[in-house]
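J.: The structure is given below, and queries will be raised subsequently.
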Amino acid sequence: MTDQIFKLPDVGEGLTEAEILSWQVKVGDEVHVNQVIVEIETAKAAVELPCPYDGVVSALHVSEGDVVAVGAPIMTIDTAGTAPTQAPAAAPPQQAPSPDLVPAAPGSPADDAGAEPDAAPAAAGDKRESVLVGYGVRETGPPARRPRAAAASPHGTLAPEAGPPGEPVKPVRHGGLEVGRHAEELLSRQSPVLAKPPVRKLARDLGVDLAAVDPTGSGGVITREDVERASRIVPSRPAAAAAEPGTEERVPIRGVLRTMADAMVRSAFTAPHVTEWVQVDVTRSMTLVERLRTAPELEGARVSPLLLVAAGLLRAVRRNPQVNATWDESAGELVVKHWVNLGIAAATPRGLLVPNIKNADRLGLVELAHALTALTDTARSGRTAPADLSGGTITITNVGVFGVDGGTPIINPGEGAILAAGQIAERPWVHKGRVRPRRVMELTLSFDHRFIDGALGSRVLADVAAFLRDPGLALALS
């Protein structure tokens with residue numbers, strides 16, 4: 001017998017543990033390199049882990065619901081009698097593979113997918129294990145047991161990548177977790193379903209079970225037309241039962257929800273927040289938005305008022321660089337950053353995420369439009385890489401898309417300010433000495449009063465407002 005122990009790999013970005021969501025194999029199952037064997041959830045994403053060996057599962061060391069430290073053994077595979085298999089080399093760090101045909105986990109409906117940066121398992125000793133650089137070492141012991149919510153089970157959506165046997169594997173993340181997979185459905189599935197992520201999303205939106213769809217694409221691939229046809233002739237999955245009056249639902253606080261809560265509490269009770277707001281006539285901005293939407297250079301980009309809000313904030317930061325800073329308490333220093341990683345708060349199926357556009361201050365308006373489109377598409381599909389969620393320097397939250405005029409946003413931890421953009425509504429406004437209907441938006445700026453005083457905060461907000469009143473002139477003079 002030749003046993004290979006598979007340890008929980010390091011999925012990056014300071015994450016030192018993960019919860020076991022769902023085992024895809026059991027003791028005695030034959031497994032192959034790149035086969036999805038387990039689904040885990042970190043504070044950043046839901047992740048599928050591929051198998052790095054060919055062999056037979058001889059032991060599962062942790063159970064579903066366990067919280068496991070990086071580097072802890074989770075599985076043993078007997079590789080005796082199997083020929084060594086070399087898996088494809090993992091992609092370089094920060095380079096995500098393009099989504100292609102992806103098999104669904106048995107019994108899973110459609111879901112968007114994306115790829116994580118490369119992961120590397122941390123070495124584990126008897127008592128202590130290495131974690132990430134800057135995090136020191138941690139004592140290890142039996143995995144903490146966390147109660148599992150009934151009827152909750154995520155599904156895999158993307159074929160994983162792995163390195164040579166015994167080397168680090170590359171996990172694959174996916175977005176929102178699907179609930180309600182029944183045991184009889186799991187047992188009835190015999191083979192994976194092939195479909196591209198957009199087709200999976202369409203199936204989910206239409207309530208179509210992909211396993212019940214007859215594929216017509218090459219190689220047994222389900223096409224968009226197959227899903228649309230099935231939506232008309234195949235009974236859809238039953239909708240979730242409505243909650244009974246007088247009942248309550250308990251949702252485990254973990255993953256993105258836990259991370260968001262911890263970050264907001266830390267920010268609210270560390271940085272003294274001050275909030276200011278101003279109403280702005282953005283009629284000229286809306287006229288420019290309409291013109292930009294027809295520009296050939298912006299084909300494929302979604303041009304919205306958010307683009308001009310972002311451009312206005314970047315201009316304000318150039319004029320007032322101290323707003324783009326971090327308070328370093330331990331060093332006793334204010335760190336003014338002469339680059340802008342512009343965060344955009346995004347509501348996703350997994351919760352609130354704030355990915356950021358790296359070096360946004362170096363982008364022209366066209367480049368910024370395409371970067372915003374890519375950022376929001378990636379976030380909403382659940383494919384944001386952990387690296388894109390860190391390193392932000394200032395943030396915009398667009399509450400206007402929910403029909404809200406404004407609010408008092410909490411600063412993203414480690415940043416100095418956050419700008420909230422409210423809805424744009426037609427209001428009576430004095431324009432050129434007469435009351436006229438104009439398009440009006442409310443801007444709200446929350447800032448860290450330890451190093452941004454009222455004068456600086458007011459100048460930043462006034463600069464953004466001035467840009468949006470006449471963006472054409474501001475862009476011509478910048």
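Quick note on naming: the chains in the structure tokens go A, B, ... in the order shown, residues restart at 1 in each chain, and ligands are numbered from 1 in order of appearance.
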I'd like the contact shell of Leu419 in chain A - 9 Å cut-off, only C-alpha atoms, skipping same-chain residues fewer than 3 positions apart - returned as a short mmCIF file (atom, residue, chain, number, x, y, z; two decimals) with N, CA and C atoms, in the first residue's frame.

T.:
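As written to disk, around22.cif reads:
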```cif
data_model
loop_
_atom_site.label_atom_id
_atom_site.label_comp_id
_atom_site.auth_asym_id
_atom_site.auth_seq_id
_atom_site.Cartn_x
_atom_site.Cartn_y
_atom_site.Cartn_z
N LEU A 313 -14.09 61.30 -8.94
CA LEU A 313 -13.37 61.02 -7.70
C LEU A 313 -11.87 60.91 -7.95
N ILE A 394 -9.38 53.76 -1.96
CA ILE A 394 -10.57 54.60 -1.78
C ILE A 394 -11.71 53.92 -2.53
N THR A 395 -12.94 54.10 -2.05
CA THR A 395 -14.06 53.28 -2.56
C THR A 395 -15.26 54.13 -2.94
N ILE A 396 -16.01 53.62 -3.93
CA ILE A 396 -17.31 54.18 -4.31
C ILE A 396 -18.37 53.12 -4.05
N THR A 397 -19.48 53.51 -3.44
CA THR A 397 -20.63 52.63 -3.32
C THR A 397 -21.81 53.28 -4.02
N ASN A 398 -22.39 52.58 -4.98
CA ASN A 398 -23.44 53.15 -5.82
C ASN A 398 -24.81 52.72 -5.29
N PRO A 409 -22.14 55.84 4.46
CA PRO A 409 -21.38 54.59 4.30
C PRO A 409 -20.22 54.48 5.28
N ILE A 411 -16.41 53.40 6.04
CA ILE A 411 -15.16 53.35 5.29
C ILE A 411 -14.64 51.92 5.23
N LEU A 443 -24.50 63.23 -3.47
CA LEU A 443 -23.22 62.59 -3.19
C LEU A 443 -22.95 62.66 -1.70
N THR A 444 -22.48 61.55 -1.13
CA THR A 444 -22.18 61.49 0.30
C THR A 444 -20.76 60.97 0.47
N LEU A 445 -19.97 61.70 1.26
CA LEU A 445 -18.59 61.29 1.50
C LEU A 445 -18.38 61.05 2.99
N SER A 446 -18.00 59.81 3.35
CA SER A 446 -17.57 59.51 4.71
C SER A 446 -16.05 59.44 4.71
N PHE A 447 -15.42 60.05 5.73
CA PHE A 447 -13.96 60.04 5.76
C PHE A 447 -13.45 59.89 7.19
N LEU A 461 -15.21 66.50 -1.78
CA LEU A 461 -16.61 66.37 -2.19
C LEU A 461 -16.98 67.46 -3.18
#
```

J.: From the list A:Glu228, A:Asp361, A:Glu48, A:Glu30, which residue is nearest Gly312 in chain A when using only C-alpha atoms?

T.: A:Asp361

J.: Might you pull out every residue within 9 Å of Ala263 in chain A, with only C-alpha atoms counted and same-chain residues fewer than 5 positions away left off, and present them as an mmCIF file with N, CA and C atoms, in the first residue's frame?

T.:
```
data_model
loop_
_atom_site.group_PDB
_atom_site.id
_atom_site.type_symbol
_atom_site.label_atom_id
_atom_site.label_comp_id
_atom_site.auth_asym_id
_atom_site.auth_seq_id
_atom_site.Cartn_x
_atom_site.Cartn_y
_atom_site.Cartn_z
ATOM 1 N N ARG A 258 -19.347 36.764 7.369
ATOM 2 C CA ARG A 258 -18.498 36.948 8.544
ATOM 3 C C ARG A 258 -17.402 37.978 8.272
ATOM 4 N N ALA A 268 -15.803 50.788 11.888
ATOM 5 C CA ALA A 268 -16.697 51.719 12.580
ATOM 6 C C ALA A 268 -16.166 52.116 13.948
ATOM 7 N N ASN A 412 -14.157 51.516 4.075
ATOM 8 C CA ASN A 412 -13.531 50.208 3.944
ATOM 9 C C ASN A 412 -12.258 50.189 4.793
ATOM 10 N N PRO A 413 -12.018 49.146 5.595
ATOM 11 C CA PRO A 413 -10.838 49.127 6.461
ATOM 12 C C PRO A 413 -9.546 49.376 5.699
#
```

J.: What is the CA of Ile222 in chain A-CA of Leu194 in chain A distance in Å, reported with one decimal?

T.: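 Going from CA of Ile222 in chain A over to CA of Leu194 in chain A covers 6.1 Å.
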
J.: Near range 324-327 of chain A, counting only C-alpha atoms, which residues have an atom at most 12 Å away, once you skip same-chain residues fewer than 2 positions from it, shown as a PyMOL selection string?

T.: chain A and resi 267+270-272+313-322+329-343+361+391-395+411-418+447-452+456-457+460

J.: Residues at most 12 Å from Leu475 in chain A, counting only C-alpha atoms, excluding those fewer than 6 positions away in the same chain, as a ChimeraX atom specification?

T.: /A:285,288,308,311-312,314-315,364-365,466-469

J.: With N, CA and C atoms retained, export the selected residues as a PDB file, in the first residue's frame.

T.:
```pdb
ATOM      1  N   SER A 285     -23.994  65.748 -17.094  1.00  0.00           N
ATOM      2  CA  SER A 285     -23.371  64.420 -17.008  1.00  0.00           C
ATOM      3  C   SER A 285     -24.212  63.381 -17.727  1.00  0.00           C
ATOM      4  N   LEU A 288     -23.789  63.664 -21.414  1.00  0.00           N
ATOM      5  CA  LEU A 288     -22.516  63.094 -21.851  1.00  0.00           C
ATOM      6  C   LEU A 288     -22.557  61.573 -21.826  1.00  0.00           C
ATOM      7  N   LEU A 308     -18.694  58.377 -14.698  1.00  0.00           N
ATOM      8  CA  LEU A 308     -18.319  59.768 -14.466  1.00  0.00           C
ATOM      9  C   LEU A 308     -18.096  60.043 -12.990  1.00  0.00           C
ATOM     10  N   ALA A 311     -14.611  58.866 -12.484  1.00  0.00           N
ATOM     11  CA  ALA A 311     -13.663  59.810 -13.078  1.00  0.00           C
ATOM     12  C   ALA A 311     -13.555  61.076 -12.228  1.00  0.00           C
ATOM     13  N   GLY A 312     -14.687  61.529 -11.695  1.00  0.00           N
ATOM     14  CA  GLY A 312     -14.676  62.721 -10.846  1.00  0.00           C
ATOM     15  C   GLY A 312     -13.928  62.494  -9.548  1.00  0.00           C
ATOM     16  N   LEU A 314     -11.486  60.273  -9.056  1.00  0.00           N
ATOM     17  CA  LEU A 314     -10.061  60.165  -9.373  1.00  0.00           C
ATOM     18  C   LEU A 314      -9.447  61.550  -9.578  1.00  0.00           C
ATOM     19  N   ARG A 315     -10.179  62.443 -10.204  1.00  0.00           N
ATOM     20  CA  ARG A 315      -9.691  63.812 -10.388  1.00  0.00           C
ATOM     21  C   ARG A 315      -9.559  64.509  -9.040  1.00  0.00           C
ATOM     22  N   GLY A 364      -7.348  56.307 -18.803  1.00  0.00           N
ATOM     23  CA  GLY A 364      -8.191  57.301 -19.426  1.00  0.00           C
ATOM     24  C   GLY A 364      -9.652  56.896 -19.287  1.00  0.00           C
ATOM     25  N   LEU A 365     -10.556  57.736 -19.748  1.00  0.00           N
ATOM     26  CA  LEU A 365     -11.978  57.480 -19.572  1.00  0.00           C
ATOM     27  C   LEU A 365     -12.415  56.187 -20.264  1.00  0.00           C
ATOM     28  N   ALA A 466     -18.247  69.416  -8.681  1.00  0.00           N
ATOM     29  CA  ALA A 466     -17.950  70.333  -9.786  1.00  0.00           C
ATOM     30  C   ALA A 466     -17.718  69.565 -11.078  1.00  0.00           C
ATOM     31  N   PHE A 467     -17.026  68.437 -10.987  1.00  0.00           N
ATOM     32  CA  PHE A 467     -16.797  67.615 -12.175  1.00  0.00           C
ATOM     33  C   PHE A 467     -18.116  67.150 -12.767  1.00  0.00           C
ATOM     34  N   LEU A 468     -19.046  66.683 -11.931  1.00  0.00           N
ATOM     35  CA  LEU A 468     -20.308  66.137 -12.435  1.00  0.00           C
ATOM     36  C   LEU A 468     -21.251  67.213 -12.949  1.00  0.00           C
ATOM     37  N   ARG A 469     -21.095  68.440 -12.499  1.00  0.00           N
ATOM     38  CA  ARG A 469     -21.933  69.523 -13.029  1.00  0.00           C
ATOM     39  C   ARG A 469     -21.594  69.795 -14.490  1.00  0.00           C
TER      40      ARG A 469
END
```

J.: So how far away is CA of Arg383 in chain A from CA of Glu367 in chain A, in Å?

T.: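 Rounded to one decimal, the two atoms are 20.8 Å apart.
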
J.: If DSSP is run on the backbone, what residues of range 222-315 of chain A are helix (DSSP H, G or I)? A reply as an NGL selection string would be ideal.

T.: :A and (224-233 or 255-268 or 283-292 or 296-298 or 305-315)

J.: Write out as number ranges by chain which residues come within 9 Å of range 212-214 of chain A when counting only C-alpha atoms, dropping same-chain ones fewer than 6 positions away.

T.: A: 220, 222, 226-227, 229-230, 234

J.: Which residue gives the smallest distance to Asp29 in chain A among A:Leu15, A:Cys51, A:Ala387, A:Val57, with only C-alpha atoms counted?

T.: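 Selected residue with least distance to Asp29 in chain A: A:Val57.
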
J.: I want to know what sits within 8 Å of Gly400 in chain A, based on only C-alpha atoms, with residues of the same chain fewer than 4 positions away left out; could you give that as a VMD selection string?

T.: chain A and resid 404 to 406 421 to 424

J.: I'd like to know which residues of range 271-476 of chain A are strand (DSSP E) (by DSSP, run on the backbone); could you write them as a PyMOL selection string?

T.: chain A and resi 273-281+325-328+333-336+342-344+346-348+351-353+356-357+394-397+417-431+434-448

J.: Figure out the distance between CA of His273 in chain A and CA of Val464 in chain A, please, to one decimal in Å.

T.: 19.4 Å

J.: Could you check the closest approach to Pro305 in chain A for each of A:Val265, A:Leu49, A:Ala369, A:Ala211 and tell me which residue wins, using only C-alpha atoms?

T.: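 Closest candidate: A:Ala369.
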